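*Asks:* start_33.cif is reproduced in full below (mmCIF, C-alpha atoms).
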data_protein
#
loop_
_atom_site.label_atom_id
_atom_site.label_comp_id
_atom_site.auth_asym_id
_atom_site.auth_seq_id
_atom_site.Cartn_x
_atom_site.Cartn_y
_atom_site.Cartn_z
CA MET A 1 114.95 73.88 55.58
CA ILE A 2 117.74 72.87 57.95
CA LEU A 3 118.26 69.14 58.66
CA GLY A 4 114.75 68.42 57.48
CA LEU A 5 113.24 70.96 59.89
CA GLU A 6 111.05 73.75 58.60
CA PHE A 7 112.09 76.86 60.55
CA PRO A 8 109.64 79.73 60.29
CA PRO A 9 111.16 82.89 58.75
CA ILE A 10 111.81 85.64 61.25
CA SER A 11 108.96 87.78 59.97
CA HIS A 12 106.49 85.05 60.99
CA VAL A 13 107.85 84.99 64.52
CA VAL A 14 107.71 88.68 65.40
CA GLU A 15 105.06 90.16 63.10
CA TRP A 16 101.44 89.88 64.13
CA PRO A 17 98.29 90.61 62.15
CA THR A 18 96.36 93.74 63.02
CA LEU A 19 93.53 92.99 65.43
CA PHE A 20 91.55 96.19 65.05
CA GLY A 21 92.05 99.69 63.74
CA GLY A 22 94.00 100.27 60.57
CA GLY A 23 96.94 101.99 58.94
CA ALA A 24 99.55 103.44 61.24
CA PHE A 25 97.17 103.16 64.20
CA GLY A 26 96.38 99.47 63.78
CA VAL A 27 96.54 97.55 67.04
CA ASN A 28 98.14 94.12 67.01
CA LYS A 29 99.03 91.69 69.77
CA VAL A 30 102.22 93.53 70.73
CA VAL A 31 100.47 96.88 71.17
CA LEU A 32 97.61 95.23 73.01
CA PHE A 33 99.94 93.64 75.55
CA MET A 34 101.85 96.89 75.92
CA TRP A 35 98.56 98.51 76.97
CA ILE A 36 97.84 95.63 79.35
CA SER A 37 101.32 96.12 80.86
CA VAL A 38 100.61 99.81 81.40
CA GLY A 39 97.34 98.85 83.10
CA LEU A 40 99.00 96.19 85.25
CA VAL A 41 101.79 98.48 86.47
CA PHE A 42 99.30 101.25 87.22
CA ALA A 43 96.94 98.84 89.00
CA LEU A 44 99.74 97.34 91.11
CA PHE A 45 100.87 100.67 92.53
CA PHE A 46 97.33 102.07 92.73
CA VAL A 47 96.00 99.12 94.75
CA ALA A 48 99.17 98.96 96.87
CA GLY A 49 99.13 102.67 97.68
CA ARG A 50 95.42 103.05 98.42
CA LYS A 51 95.27 101.21 101.73
CA ARG A 52 98.58 101.45 103.53
CA ALA A 53 98.65 98.71 106.14
CA LEU A 54 101.48 98.55 108.69
CA VAL A 55 101.85 94.83 107.97
CA PRO A 56 101.79 94.64 104.17
CA THR A 57 99.88 91.90 102.36
CA GLY A 58 99.37 90.98 98.73
CA ALA A 59 99.89 93.81 96.27
CA GLN A 60 101.41 96.07 98.90
CA ASN A 61 104.05 93.41 99.59
CA VAL A 62 105.02 93.21 95.92
CA ALA A 63 105.07 96.98 95.50
CA GLU A 64 107.10 97.56 98.67
CA SER A 65 109.76 95.02 97.81
CA THR A 66 110.01 96.48 94.29
CA VAL A 67 110.44 99.99 95.67
CA GLU A 68 113.00 98.74 98.18
CA PHE A 69 114.93 96.87 95.49
CA VAL A 70 115.09 99.83 93.12
CA GLN A 71 115.95 102.24 95.90
CA ASP A 72 118.69 100.14 97.54
CA GLN A 73 120.17 98.28 94.59
CA ILE A 74 119.89 100.90 91.86
CA VAL A 75 119.44 104.45 93.11
CA LEU A 76 121.67 104.40 96.20
CA GLN A 77 124.35 102.33 94.45
CA THR A 78 124.72 104.64 91.49
CA MET A 79 123.43 108.11 92.37
CA GLY A 80 123.68 108.21 96.14
CA PRO A 81 121.14 109.87 98.44
CA GLU A 82 120.65 112.97 96.26
CA GLY A 83 119.35 110.81 93.39
CA LEU A 84 116.34 109.73 95.45
CA GLY A 85 114.19 112.28 93.58
CA TYR A 86 114.52 110.10 90.49
CA THR A 87 113.30 106.95 92.28
CA PRO A 88 109.64 107.14 91.12
CA PHE A 89 110.74 107.43 87.48
CA LEU A 90 113.15 104.52 87.80
CA ILE A 91 110.64 102.33 89.63
CA THR A 92 108.08 102.89 86.86
CA LEU A 93 110.72 102.16 84.24
CA PHE A 94 111.85 98.96 85.96
CA THR A 95 108.35 97.60 86.55
CA PHE A 96 107.15 98.46 83.07
CA VAL A 97 110.16 96.95 81.28
CA PHE A 98 109.91 93.80 83.39
CA THR A 99 106.17 93.41 82.74
CA CYS A 100 106.72 93.89 79.01
CA ASN A 101 109.54 91.33 78.99
CA ILE A 102 107.68 88.68 80.95
CA TRP A 103 105.00 88.29 78.25
CA GLY A 104 107.49 86.17 76.34
CA LEU A 105 106.99 83.38 78.87
CA ILE A 106 103.25 83.54 79.53
CA PRO A 107 101.64 80.60 77.70
CA GLY A 108 99.21 81.78 75.05
CA VAL A 109 100.93 85.15 74.67
CA GLN A 110 104.60 84.22 74.21
CA MET A 111 105.66 87.47 72.65
CA PRO A 112 107.90 89.82 74.61
CA VAL A 113 106.67 93.33 73.84
CA ASN A 114 110.25 94.57 73.81
CA ALA A 115 111.14 92.18 70.97
CA ARG A 116 109.85 94.90 68.64
CA ILE A 117 112.17 97.88 68.69
CA ALA A 118 109.51 100.61 68.89
CA LEU A 119 109.02 100.48 72.65
CA PRO A 120 112.74 100.22 73.60
CA VAL A 121 113.51 103.17 71.30
CA PHE A 122 110.76 105.25 72.86
CA MET A 123 111.92 104.47 76.41
CA ALA A 124 115.54 105.17 75.47
CA LEU A 125 114.46 108.55 74.08
CA VAL A 126 112.67 109.34 77.34
CA VAL A 127 115.84 108.48 79.28
CA TYR A 128 117.91 110.51 76.77
CA VAL A 129 115.82 113.63 77.32
CA ILE A 130 115.79 113.16 81.08
CA TYR A 131 119.53 112.72 81.55
CA HIS A 132 120.41 115.70 79.40
CA ALA A 133 117.78 117.74 81.21
CA ALA A 134 119.27 116.63 84.55
CA GLY A 135 122.73 117.67 83.38
CA ILE A 136 121.54 121.08 82.20
CA ARG A 137 119.54 121.62 85.39
CA HIS A 138 122.40 120.71 87.74
CA GLN A 139 125.30 122.35 85.89
CA GLY A 140 123.82 124.85 83.46
CA PRO A 141 123.92 124.31 79.68
CA ILE A 142 127.40 125.68 78.96
CA LYS A 143 129.12 124.01 81.89
CA TYR A 144 127.34 120.75 81.07
CA LEU A 145 128.52 120.78 77.47
CA LYS A 146 132.01 121.66 78.63
CA SER A 147 132.03 118.76 81.11
CA ILE A 148 131.09 116.37 78.28
CA MET A 149 133.64 117.70 75.82
CA PHE A 150 136.63 118.22 78.08
CA LEU A 151 137.34 115.52 80.61
CA PRO A 152 139.40 116.87 83.51
CA GLY A 153 142.90 115.60 84.19
CA VAL A 154 143.78 114.82 80.57
CA PRO A 155 146.78 116.38 78.76
CA TRP A 156 145.43 118.80 76.16
CA PRO A 157 146.62 117.04 72.94
CA MET A 158 144.36 114.14 73.91
CA TYR A 159 141.31 116.37 73.48
CA ILE A 160 141.70 116.14 69.68
CA LEU A 161 140.90 112.45 70.02
CA LEU A 162 138.72 112.42 73.14
CA THR A 163 136.27 115.25 72.45
CA PRO A 164 134.68 113.71 69.32
CA ILE A 165 134.54 110.31 71.02
CA GLU A 166 132.85 111.73 74.10
CA LEU A 167 130.35 113.73 72.03
CA VAL A 168 129.40 110.69 69.93
CA THR A 169 129.14 108.56 73.09
CA LYS A 170 126.85 110.93 74.97
CA PHE A 171 124.61 111.95 72.08
CA ILE A 172 124.42 108.85 69.87
CA THR A 173 125.93 105.66 71.28
CA GLN A 174 124.44 105.78 74.79
CA PRO A 175 120.75 106.02 73.79
CA LEU A 176 121.27 103.74 70.79
CA SER A 177 122.90 100.98 72.81
CA LEU A 178 120.30 101.37 75.58
CA ALA A 179 117.50 100.66 73.09
CA VAL A 180 119.32 98.01 71.06
CA ARG A 181 120.50 96.09 74.15
CA LEU A 182 116.98 95.56 75.47
CA PHE A 183 115.51 94.86 72.03
CA ALA A 184 118.20 92.43 70.89
CA ASN A 185 118.23 90.51 74.15
CA MET A 186 114.48 89.96 74.09
CA LEU A 187 114.47 89.11 70.37
CA ALA A 188 117.34 86.63 70.81
CA GLY A 189 115.54 84.95 73.72
CA HIS A 190 112.31 84.79 71.75
CA LEU A 191 114.06 83.23 68.72
CA LEU A 192 115.84 80.73 70.97
CA LEU A 193 112.54 79.55 72.47
CA VAL A 194 110.89 79.40 69.04
CA SER A 195 113.77 77.33 67.62
CA PHE A 196 113.63 74.81 70.45
CA ALA A 197 109.85 74.60 70.25
CA VAL A 198 110.11 73.84 66.51
CA ILE A 199 112.78 71.20 67.11
CA THR A 200 110.75 69.60 69.91
CA GLN A 201 107.62 69.49 67.79
CA ALA A 202 109.42 67.95 64.83
CA LEU A 203 111.19 65.33 66.95
CA VAL A 204 108.14 64.37 69.00
CA ALA A 205 106.27 63.78 65.75
CA SER A 206 108.89 61.23 64.65
CA THR A 207 110.18 59.70 67.91
CA ILE A 208 108.81 60.49 71.36
CA ILE A 209 112.13 59.71 73.09
CA GLY A 210 114.09 61.93 70.70
CA GLY A 211 111.87 64.84 71.63
CA ALA A 212 112.65 64.55 75.33
CA LEU A 213 116.07 66.21 75.14
CA PRO A 214 115.00 69.39 73.31
CA LEU A 215 111.91 69.54 75.54
CA ALA A 216 114.08 69.45 78.66
CA LEU A 217 116.30 72.14 77.13
CA LEU A 218 113.21 74.18 76.26
CA ILE A 219 112.07 74.12 79.89
CA PHE A 220 115.56 75.03 81.08
CA LEU A 221 115.75 77.89 78.55
CA SER A 222 112.36 79.19 79.68
CA ALA A 223 113.74 79.46 83.21
CA PHE A 224 116.82 81.17 81.78
CA GLU A 225 114.60 83.62 79.89
CA LEU A 226 112.85 84.51 83.15
CA LEU A 227 116.27 85.46 84.52
CA VAL A 228 117.06 87.44 81.35
CA ALA A 229 113.72 89.28 81.52
CA PHE A 230 114.53 90.40 85.05
CA LEU A 231 118.18 91.14 84.31
CA GLN A 232 117.40 93.27 81.26
CA ALA A 233 114.86 95.32 83.22
CA TYR A 234 117.49 95.75 85.95
CA ILE A 235 120.23 96.70 83.48
CA PHE A 236 117.99 99.13 81.59
CA THR A 237 117.09 100.87 84.84
CA ILE A 238 120.59 100.90 86.31
CA LEU A 239 122.03 102.31 83.06
CA ALA A 240 119.39 105.04 83.06
CA ALA A 241 120.43 105.80 86.65
CA VAL A 242 124.13 105.81 85.73
CA TYR A 243 123.54 108.18 82.80
CA ILE A 244 121.57 110.56 85.00
CA ALA A 245 124.23 110.41 87.72
CA ASP A 246 126.96 111.05 85.12
CA ALA A 247 125.11 114.09 83.82
CA MET A 248 124.52 115.48 87.31
CA HIS A 249 128.15 115.13 88.35
CA PRO A 250 130.80 115.23 85.63
CA ALA A 251 133.47 112.53 85.49
CA HIS A 252 135.90 112.64 88.37
CA MET B 1 129.64 68.44 33.81
CA LEU B 2 131.16 71.68 35.05
CA HIS B 3 128.59 73.55 33.01
CA VAL B 4 125.75 71.79 34.83
CA LEU B 5 127.34 72.45 38.23
CA ALA B 6 127.77 76.12 37.43
CA GLN B 7 124.07 76.51 36.67
CA GLN B 8 122.10 78.27 39.35
CA ALA B 9 118.66 79.64 39.94
CA GLU B 10 118.02 83.37 39.69
CA GLY B 11 119.30 85.13 42.83
CA GLU B 12 120.65 81.95 44.37
CA LEU B 13 124.19 83.30 44.64
CA GLU B 14 123.02 86.51 46.33
CA ALA B 15 120.90 84.59 48.83
CA GLY B 16 123.77 82.26 49.64
CA LEU B 17 126.26 85.10 50.05
CA THR B 18 123.78 86.96 52.28
CA ALA B 19 123.50 83.94 54.54
CA VAL B 20 127.29 83.63 54.73
CA GLY B 21 127.60 87.37 55.41
CA ARG B 22 125.11 87.20 58.24
CA GLY B 23 127.02 84.35 59.81
CA ILE B 24 130.32 86.21 59.54
CA VAL B 25 128.85 89.43 60.96
CA TYR B 26 127.37 87.78 64.02
CA GLY B 27 130.30 85.42 64.56
CA GLY B 28 132.83 88.23 64.28
CA ALA B 29 130.85 90.50 66.58
CA ALA B 30 130.64 87.78 69.24
CA ILE B 31 134.41 87.16 69.58
CA GLY B 32 135.45 90.32 71.40
CA PRO B 33 132.50 90.58 73.78
CA GLY B 34 132.86 86.87 74.58
CA ILE B 35 136.40 87.42 75.81
CA GLY B 36 135.40 90.69 77.46
CA ILE B 37 132.52 89.26 79.45
CA GLY B 38 134.75 86.39 80.54
CA LEU B 39 137.29 88.87 81.89
CA VAL B 40 134.64 91.00 83.62
CA VAL B 41 132.90 88.11 85.36
CA GLY B 42 136.13 86.27 86.17
CA ASN B 43 137.63 89.30 87.87
CA ALA B 44 134.37 90.07 89.65
CA ILE B 45 134.29 86.53 91.06
CA SER B 46 137.85 86.73 92.32
CA ALA B 47 137.04 90.12 93.87
CA MET B 48 133.98 88.64 95.60
CA ALA B 49 135.98 85.65 96.84
CA ARG B 50 138.67 87.90 98.29
CA GLN B 51 136.25 90.29 99.89
CA PRO B 52 132.80 88.74 100.42
CA GLU B 53 131.56 91.83 102.29
CA ALA B 54 131.95 93.91 99.12
CA ALA B 55 129.97 91.38 97.04
CA GLY B 56 126.92 93.63 96.60
CA MET B 57 128.90 96.54 95.20
CA VAL B 58 131.00 94.28 92.98
CA ARG B 59 127.88 92.60 91.59
CA THR B 60 126.30 95.92 90.60
CA THR B 61 129.47 97.02 88.84
CA MET B 62 129.81 93.60 87.22
CA PHE B 63 126.36 93.85 85.64
CA LEU B 64 127.22 97.32 84.37
CA GLY B 65 130.44 96.00 82.85
CA ILE B 66 128.59 93.09 81.26
CA ALA B 67 125.97 95.43 79.83
CA PHE B 68 128.54 97.72 78.22
CA THR B 69 130.56 94.82 76.80
CA GLU B 70 127.54 92.89 75.60
CA ALA B 71 126.20 95.84 73.60
CA LEU B 72 128.80 95.23 70.87
CA ALA B 73 127.72 91.63 70.36
CA LEU B 74 124.09 92.73 70.22
CA PHE B 75 124.87 95.33 67.56
CA GLY B 76 126.27 92.45 65.51
CA PHE B 77 123.15 90.37 66.19
CA VAL B 78 120.87 93.16 64.98
CA LEU B 79 123.10 93.94 62.00
CA ALA B 80 122.92 90.29 60.92
CA PHE B 81 119.15 90.70 60.54
CA ILE B 82 119.41 94.07 58.85
CA ILE B 83 121.67 92.69 56.08
CA SER B 84 119.47 91.61 53.22
CA GLY B 85 120.41 90.32 49.82
#
Could you render the structure from this file as structure tokens?
*Replies:*
Amino acid sequence: MILGLEFPPISHVVEWPTLFGGGAFGVNKVVLFMWISVGLVFALFFVAGRKRALVPTGAQNVAESTVEFVQDQIVLQTMGPEGLGYTPFLITLFTFVFTCNIWGLIPGVQMPVNARIALPVFMALVVYVIYHAAGIRHQGPIKYLKSIMFLPGVPWPMYILLTPIELVTKFITQPLSLAVRLFANMLAGHLLLVSFAVITQALVASTIIGGALPLALLIFLSAFELLVAFLQAYIFTILAAVYIADAMHPAH
Amino acid sequence: MLHVLAQQAEGELEAGLTAVGRGIVYGGAAIGPGIGIGLVVGNAISAMARQPEAAGMVRTTMFLGIAFTEALALFGFVLAFIISG
């Protein structure tokens, strides 16, 4: 109870009852919409790639501008031309994260899939494996480990301090922050929208005019959340690209 | 009088202290990143104003800087939920 408003506890906002199945394999709303996102992303690129028209329409338009965006704004900006081999992975990552985020704004669903940490952690682990694999493939395991532990151009006493920091950064902090950043941003946005919806409902019930201000803010925040959903997908993808680029070419 | 005031329900003190702790954790974690993001974006804007043709590159780097800085505040946000009485 805050100022006479009954805020739902956080477990009521992000935990959903199991729809079907049971135990560890029970499927709830979040899992269901994760599957739908997988289907949507697959369908978009499948439909767009099946009939390649010279003048794109519909799905092909969407797919082509997505590919162009990821290629020009993410891959070429961070990895350069030799990173183009990673474009399909990054495009899938970007589209999937964005689709999962956008469910927070669809009326009737209003639950961003990434507001539960399971999916961000899994995707961060995929990125973790891929960037270390890229480093080992491009430099060889020993040289790669050496490039992480010993930054060039540093006086040697600094290594006592820098080597542990670099090791913790590459093996723990980077994947952890990648997962937590996406999760916490989506959860914070979801809680913000829930809070304003509760306030609006409580105020409209007492005075219609009093409810207008939080309602206007709610609409504004929904637009803001659309921006956040896009931005978090962009940041997740660009950080994955930066980590891969870092592993391919050691710090210079 | 003081005796009545000092009375409390079972676990009330713990719940209250937990709430205060959560507030302090998130508030403290937000100070540094708040200043940091201000610096990152402010400098990015002045860079873009000085050299509009480099705006695209500056924007990409700006988002990267924001993402790295923001992570600390988000750790605090998550930690505030993890703390339980």
*Asks:* Under the PyMOL selection byres ((chain B) within 7 of (chain A)), which residues of this model are included? Write them out as a list of chain:residue names.
*Replies:*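 Answer for the PyMOL selection byres ((chain B) within 7 of (chain A)): B:Ala67, B:Ala71, B:Leu74, B:Val78.
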*Asks:* Please indicate the distance in Å from CA of Leu167 (chain A) to CA of Ala134 (chain A), rounded to one decimal place.
*Replies:*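 Interatomic distance here is 17.0 Å.
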*Asks:* For Ala44 (chain B), work out the shell of residues within 8 Å, counting only C-alpha atoms and skipping chain neighbours fewer than 6 positions away, then give it as an NGL selection string.
*Replies:* :B and (58-59 or 62)
*Asks:* Residues of the last selection are to be written out with C-alpha atoms, as an mmCIF file, in the coordinates of the input.
*Replies:*
data_model
loop_
_atom_site.group_PDB
_atom_site.id
_atom_site.type_symbol
_atom_site.label_atom_id
_atom_site.label_comp_id
_atom_site.auth_asym_id
_atom_site.auth_seq_id
_atom_site.Cartn_x
_atom_site.Cartn_y
_atom_site.Cartn_z
ATOM 1 C CA VAL B 58 131.000 94.280 92.980
ATOM 2 C CA ARG B 59 127.880 92.600 91.590
ATOM 3 C CA MET B 62 129.810 93.600 87.220
#
*Asks:* Let me know the residues the PyMOL selection byres ((chain A and resi 107-120) around 9) catches in the file above, as a ChimeraX atom specification.
*Replies:* /A:13-15,29-31,33-34,97,99-106,121-125,178-190
*Asks:* What separation in Å, quoted to one decimal, exists between CA of Leu193 (chain A) and CA of Glu225 (chain A)?
*Replies:* 8.7 Å
*Asks:* Could you jot down the CA of Thr95 (chain A) to CA of Thr66 (chain A) separation for me, Å, one decimal place?
*Replies:*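 It comes out at 8.0 Å.
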*Asks:* Which residues come within 10 Å of Tyr26 (chain B), counting all atoms listed in the file, excluding same-chain residues fewer than 3 positions away, as a ChimeraX atom specification?
*Replies:* /B:21-23,29-31,73-81
*Asks:* What do you get, as a PyMOL selection string, if you spell out every residue that the PyMOL selection byres ((chain A and resi 28) around 7) selects here?
*Replies:* chain A and resi 16-19+26-27+29-32
